[in-house]
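What follows is a short report on a single structure.
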Amino acid sequence: MLQQTRVETVIPYYKRWLQRFPSMETLAEAREEDVLLTWQGLGYYARARRLLWAARAVREEHGGSLPSSAAELQELPGVGEYTAGAVASMAFGEAVPAVDGNVRRVLARLYDLPSPAPAELRKLARGLVDPDRPGDFNQALMELGATVCQPRSPLCPSCPLQELCLARARDTVKERPARKTPRPVPQVEVAVVVALQVSGGSDGAGSEEGGEVVEEAAPAPLFFLSQRSGSGLLEGMWEFPGTEVGSGEGARNAALRLAGELGLHVVGEPRELDLVTHLFSHLKVRYRPFLFQVGGSGQDERGEWLELENLGRVPLSVAQLKIAEVTRKVVQDGWPGL
Ligand code: SF4
């Protein structure tokens with residue numbers, strides 16, 4: 001949960017997660033959709049799915065107990081060299097390194113290395129790990145990087161390693177490790193079909209019961225959502241269907257094209273909703289949502305029609321929650337005569 005995410009953000013998710021999945025066994029038995037729903041809002045959903053697969057692998061291949069060596073841990077889905085080293089050293093006392101971003105910075109400065117390769121750093125760290133207290137050693141190095149050997153303002157005068165630090169001696173601290181030039185983030189535009197159905201249930205006119213006319217509530221509008229398949233970003237999550245806008249196509253045309261592909265019986269003109277932008281780790285997406293009123297049930301078998309209030313029944317990414325929010329505003333304002 002802490003990968004790319006701040007501790008304060010993670011704490012409520014972590015507590016909720018442990019309440020829902022208090023053991024490896026409960027996680028291994030969970031449905032993927034429940035796992036994604038519990039993770040909802042944290043982003044990088046591949047992490048949640050891999051955690052589930054890892055729990056299943058532990059149950060099926062290790063009799064339900066987490067393996068204790070870094071080598072075996074690394075065989076589990078989603079566990080790389082750093083996580084395996086951290087768990088094996090801290091939980092099981094194996095003398096292996098755990099090189100995260102903080103440790104990388106400390107070592108690069110300690111040895112005055114401009115751009116050390118990961119293998120080089122692991123080799124250095126392996127030679128330093130205290131065989132008697134490997135977990136404490138790894139945590140201390142991470143903590144030193146996080147609190148003292150900070151990226152921009154290292155607190156060298158209070159650093160316990162100042163006498164050993166080559167970068168400090170050579171006055172190269174600020175250049176170590178060399179910063180990578182950030183690559184420009186590509187941007188895509190996605191037209192989104194927010195299909196709304198007001199059919200079914202009562203016509204709102206009321207019915208007669210024992211001679212008395214009883215007002216019946218108008219049926220709540222239903223919105224069409226589908227589940228993402230394949231193995232890409234947000235696999236398994238639910239969404240208002242979207243399609244990348246082709247060059248020269250225009251967002252409205254793309255949305256109309258997708259509504260046709262979905263077999264929706266569109267009534268009238270779609271209304272454009274507010275733009276929603278979302279920055280993924282490697283991609284910026286501009287969502288152009290269009291609200292369509294549709295008649296009948298044009299859904300395909302992958303989709304579900306849900307009330308806005310019930311969207312919490314399926315896992316939605318933060319971007320989709322933003323689209324639901326701009327939709328809610330328009331529906332509350334009474335479009336189209338709801
Ligand atoms: S002396 Fe400064 S640069 Fe060197 S390890 Fe300590 S905080 Fe980092």
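Here's how to read the names in the structure tokens: chain A, B, ... by the order shown, residue numbers from 1 in each chain, ligand numbers from 1 in the order shown.
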Need the shell around range 324-332 of chain A: protein/DNA/RNA residues with any atom at most 9 Å away, counting only C-alpha atoms. Skip same-chain ones fewer than 6 positions apart. Format as a ChimeraX atom specification?
/A:194,221,240,273-276,289,291,308,311,338
Kindly provide, as a list in words, all nucleotide and amino acid residues lying within 6 Å of ligand 1, counting only C-alpha atoms and all ligand atoms.
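Counting only what the definition allows, namely only C-alpha atoms and all ligand atoms, the set is Val106, Arg109, Leu110, Val148, Cys149, Pro154, Leu155, Cys156, Cys159, Leu161, Gln162, Cys165, Arg168 and Val173 of chain A.
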For the residues selected in the previous step, produce a file with all heavy atoms as a JSON list (two decimals), in the first residue's frame.
```json
[["chain", "number", "residue", "atom", "x", "y", "z"],
["A", 106, "VAL", "N", 21.34, 7.16, 0.24],
["A", 106, "VAL", "CA", 22.38, 7.12, 1.28],
["A", 106, "VAL", "C", 23.65, 6.46, 0.73],
["A", 106, "VAL", "O", 24.75, 6.99, 0.88],
["A", 106, "VAL", "CB", 21.89, 6.35, 2.53],
["A", 106, "VAL", "CG1", 23.03, 6.19, 3.53],
["A", 106, "VAL", "CG2", 20.72, 7.06, 3.18],
["A", 109, "ARG", "N", 25.60, 8.50, -1.79],
["A", 109, "ARG", "CA", 26.37, 9.59, -1.19],
["A", 109, "ARG", "C", 27.54, 9.05, -0.37],
["A", 109, "ARG", "O", 28.65, 9.59, -0.42],
["A", 109, "ARG", "CB", 25.43, 10.44, -0.32],
["A", 109, "ARG", "CG", 24.49, 11.28, -1.19],
["A", 109, "ARG", "CD", 23.45, 12.00, -0.38],
["A", 109, "ARG", "NE", 22.67, 12.92, -1.22],
["A", 109, "ARG", "CZ", 21.56, 13.53, -0.80],
["A", 109, "ARG", "NH1", 21.09, 13.32, 0.42],
["A", 109, "ARG", "NH2", 20.94, 14.35, -1.61],
["A", 110, "LEU", "N", 27.27, 8.00, 0.35],
["A", 110, "LEU", "CA", 28.31, 7.41, 1.20],
["A", 110, "LEU", "C", 29.52, 7.01, 0.36],
["A", 110, "LEU", "O", 30.66, 7.22, 0.74],
["A", 110, "LEU", "CB", 27.71, 6.18, 1.89],
["A", 110, "LEU", "CG", 28.33, 5.68, 3.17],
["A", 110, "LEU", "CD1", 28.39, 6.80, 4.21],
["A", 110, "LEU", "CD2", 27.49, 4.53, 3.72],
["A", 148, "VAL", "N", 17.31, 12.03, 7.66],
["A", 148, "VAL", "CA", 18.57, 12.79, 7.76],
["A", 148, "VAL", "C", 19.16, 13.04, 6.37],
["A", 148, "VAL", "O", 19.38, 14.17, 5.96],
["A", 148, "VAL", "CB", 19.59, 12.05, 8.66],
["A", 148, "VAL", "CG1", 20.90, 12.82, 8.74],
["A", 148, "VAL", "CG2", 19.02, 11.82, 10.05],
["A", 149, "CYS", "N", 19.39, 11.99, 5.63],
["A", 149, "CYS", "CA", 20.00, 12.12, 4.31],
["A", 149, "CYS", "C", 18.90, 12.39, 3.28],
["A", 149, "CYS", "O", 18.67, 11.61, 2.37],
["A", 149, "CYS", "CB", 20.77, 10.84, 3.98],
["A", 149, "CYS", "SG", 21.88, 11.02, 2.58],
["A", 154, "PRO", "N", 19.98, 17.54, 2.97],
["A", 154, "PRO", "CA", 20.52, 16.55, 3.91],
["A", 154, "PRO", "C", 21.07, 17.23, 5.16],
["A", 154, "PRO", "O", 21.66, 18.31, 5.07],
["A", 154, "PRO", "CB", 21.63, 15.87, 3.11],
["A", 154, "PRO", "CG", 21.95, 16.81, 2.01],
["A", 154, "PRO", "CD", 20.73, 17.61, 1.72],
["A", 155, "LEU", "N", 20.84, 16.61, 6.31],
["A", 155, "LEU", "CA", 21.28, 17.19, 7.58],
["A", 155, "LEU", "C", 22.64, 16.61, 7.97],
["A", 155, "LEU", "O", 22.79, 15.92, 8.98],
["A", 155, "LEU", "CB", 20.23, 16.90, 8.67],
["A", 155, "LEU", "CG", 18.78, 17.26, 8.30],
["A", 155, "LEU", "CD1", 17.80, 16.75, 9.33],
["A", 155, "LEU", "CD2", 18.65, 18.77, 8.13],
["A", 156, "CYS", "N", 23.65, 16.87, 7.14],
["A", 156, "CYS", "CA", 24.96, 16.24, 7.32],
["A", 156, "CYS", "C", 25.57, 16.49, 8.71],
["A", 156, "CYS", "O", 26.12, 15.56, 9.30],
["A", 156, "CYS", "CB", 25.92, 16.71, 6.24],
["A", 156, "CYS", "SG", 25.34, 16.26, 4.59],
["A", 159, "CYS", "N", 24.46, 13.85, 11.00],
["A", 159, "CYS", "CA", 24.43, 12.48, 10.46],
["A", 159, "CYS", "C", 25.47, 11.60, 11.15],
["A", 159, "CYS", "O", 26.65, 11.96, 11.23],
["A", 159, "CYS", "CB", 24.70, 12.54, 8.95],
["A", 159, "CYS", "SG", 24.78, 10.89, 8.22],
["A", 161, "LEU", "N", 26.88, 9.16, 9.98],
["A", 161, "LEU", "CA", 27.84, 8.63, 9.00],
["A", 161, "LEU", "C", 28.76, 9.71, 8.43],
["A", 161, "LEU", "O", 29.52, 9.44, 7.50],
["A", 161, "LEU", "CB", 27.09, 7.94, 7.84],
["A", 161, "LEU", "CG", 26.15, 6.79, 8.19],
["A", 161, "LEU", "CD1", 25.48, 6.23, 6.93],
["A", 161, "LEU", "CD2", 26.91, 5.68, 8.91],
["A", 162, "GLN", "N", 28.68, 10.92, 8.98],
["A", 162, "GLN", "CA", 29.38, 12.04, 8.33],
["A", 162, "GLN", "C", 30.89, 11.79, 8.19],
["A", 162, "GLN", "O", 31.49, 12.22, 7.21],
["A", 162, "GLN", "CB", 29.11, 13.35, 9.07],
["A", 162, "GLN", "CG", 29.45, 13.33, 10.53],
["A", 162, "GLN", "CD", 29.12, 14.65, 11.17],
["A", 162, "GLN", "OE1", 29.78, 15.64, 10.87],
["A", 162, "GLN", "NE2", 28.11, 14.69, 12.02],
["A", 165, "CYS", "N", 31.43, 9.55, 5.06],
["A", 165, "CYS", "CA", 30.72, 9.88, 3.82],
["A", 165, "CYS", "C", 31.65, 10.53, 2.79],
["A", 165, "CYS", "O", 32.14, 11.64, 2.98],
["A", 165, "CYS", "CB", 29.56, 10.81, 4.15],
["A", 165, "CYS", "SG", 28.60, 11.22, 2.70],
["A", 168, "ARG", "N", 30.29, 13.86, 1.20],
["A", 168, "ARG", "CA", 30.47, 15.02, 2.08],
["A", 168, "ARG", "C", 31.92, 15.50, 2.02],
["A", 168, "ARG", "O", 32.19, 16.69, 1.90],
["A", 168, "ARG", "CB", 30.08, 14.64, 3.52],
["A", 168, "ARG", "CG", 30.25, 15.79, 4.51],
["A", 168, "ARG", "CD", 29.53, 15.46, 5.80],
["A", 168, "ARG", "NE", 30.00, 16.22, 6.94],
["A", 168, "ARG", "CZ", 29.65, 17.44, 7.23],
["A", 168, "ARG", "NH1", 28.82, 18.11, 6.43],
["A", 168, "ARG", "NH2", 30.11, 18.04, 8.31],
["A", 173, "VAL", "N", 27.63, 16.20, -2.36],
["A", 173, "VAL", "CA", 26.37, 15.68, -1.80],
["A", 173, "VAL", "C", 25.16, 16.02, -2.67],
["A", 173, "VAL", "O", 24.34, 15.17, -2.99],
["A", 173, "VAL", "CB", 26.17, 16.20, -0.36],
["A", 173, "VAL", "CG1", 24.78, 15.83, 0.15],
["A", 173, "VAL", "CG2", 27.24, 15.63, 0.56]]
```
Would you list the contacts of Gln4 in chain A as a PyMOL selection string, taking every protein, DNA or RNA residue within 10 Å and counting only C-alpha atoms, but skipping same-chain residues closer than 3 positions in sequence?
chain A and resi 1+7+42-44+281
Which one is closest to Pro160 in chain A: A:Gly145, A:Glu175, A:Trp53, A:Thr181? Count only C-alpha atoms.
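Once distances to Pro160 in chain A are computed over only C-alpha atoms, the minimum belongs to A:Gly145.
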From the set A:Leu52, A:Leu262, A:Leu279, A:Val99, which residue has the shortest atom-to-atom contact distance to Val294 in chain A, counting only C-alpha atoms?
A:Leu262
State, in Å with one decimal place, the distance from CA of Ala108 in chain A to CA of Arg176 in chain A.
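Distance between the two atoms: 6.0 Å.
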Excluding Ala178 in chain A and any residue of its chain fewer than 4 positions from it, enumerate the residues within 9 Å of it, using only C-alpha atoms, and give them as a PyMOL selection string.
chain A and resi 113-115+174
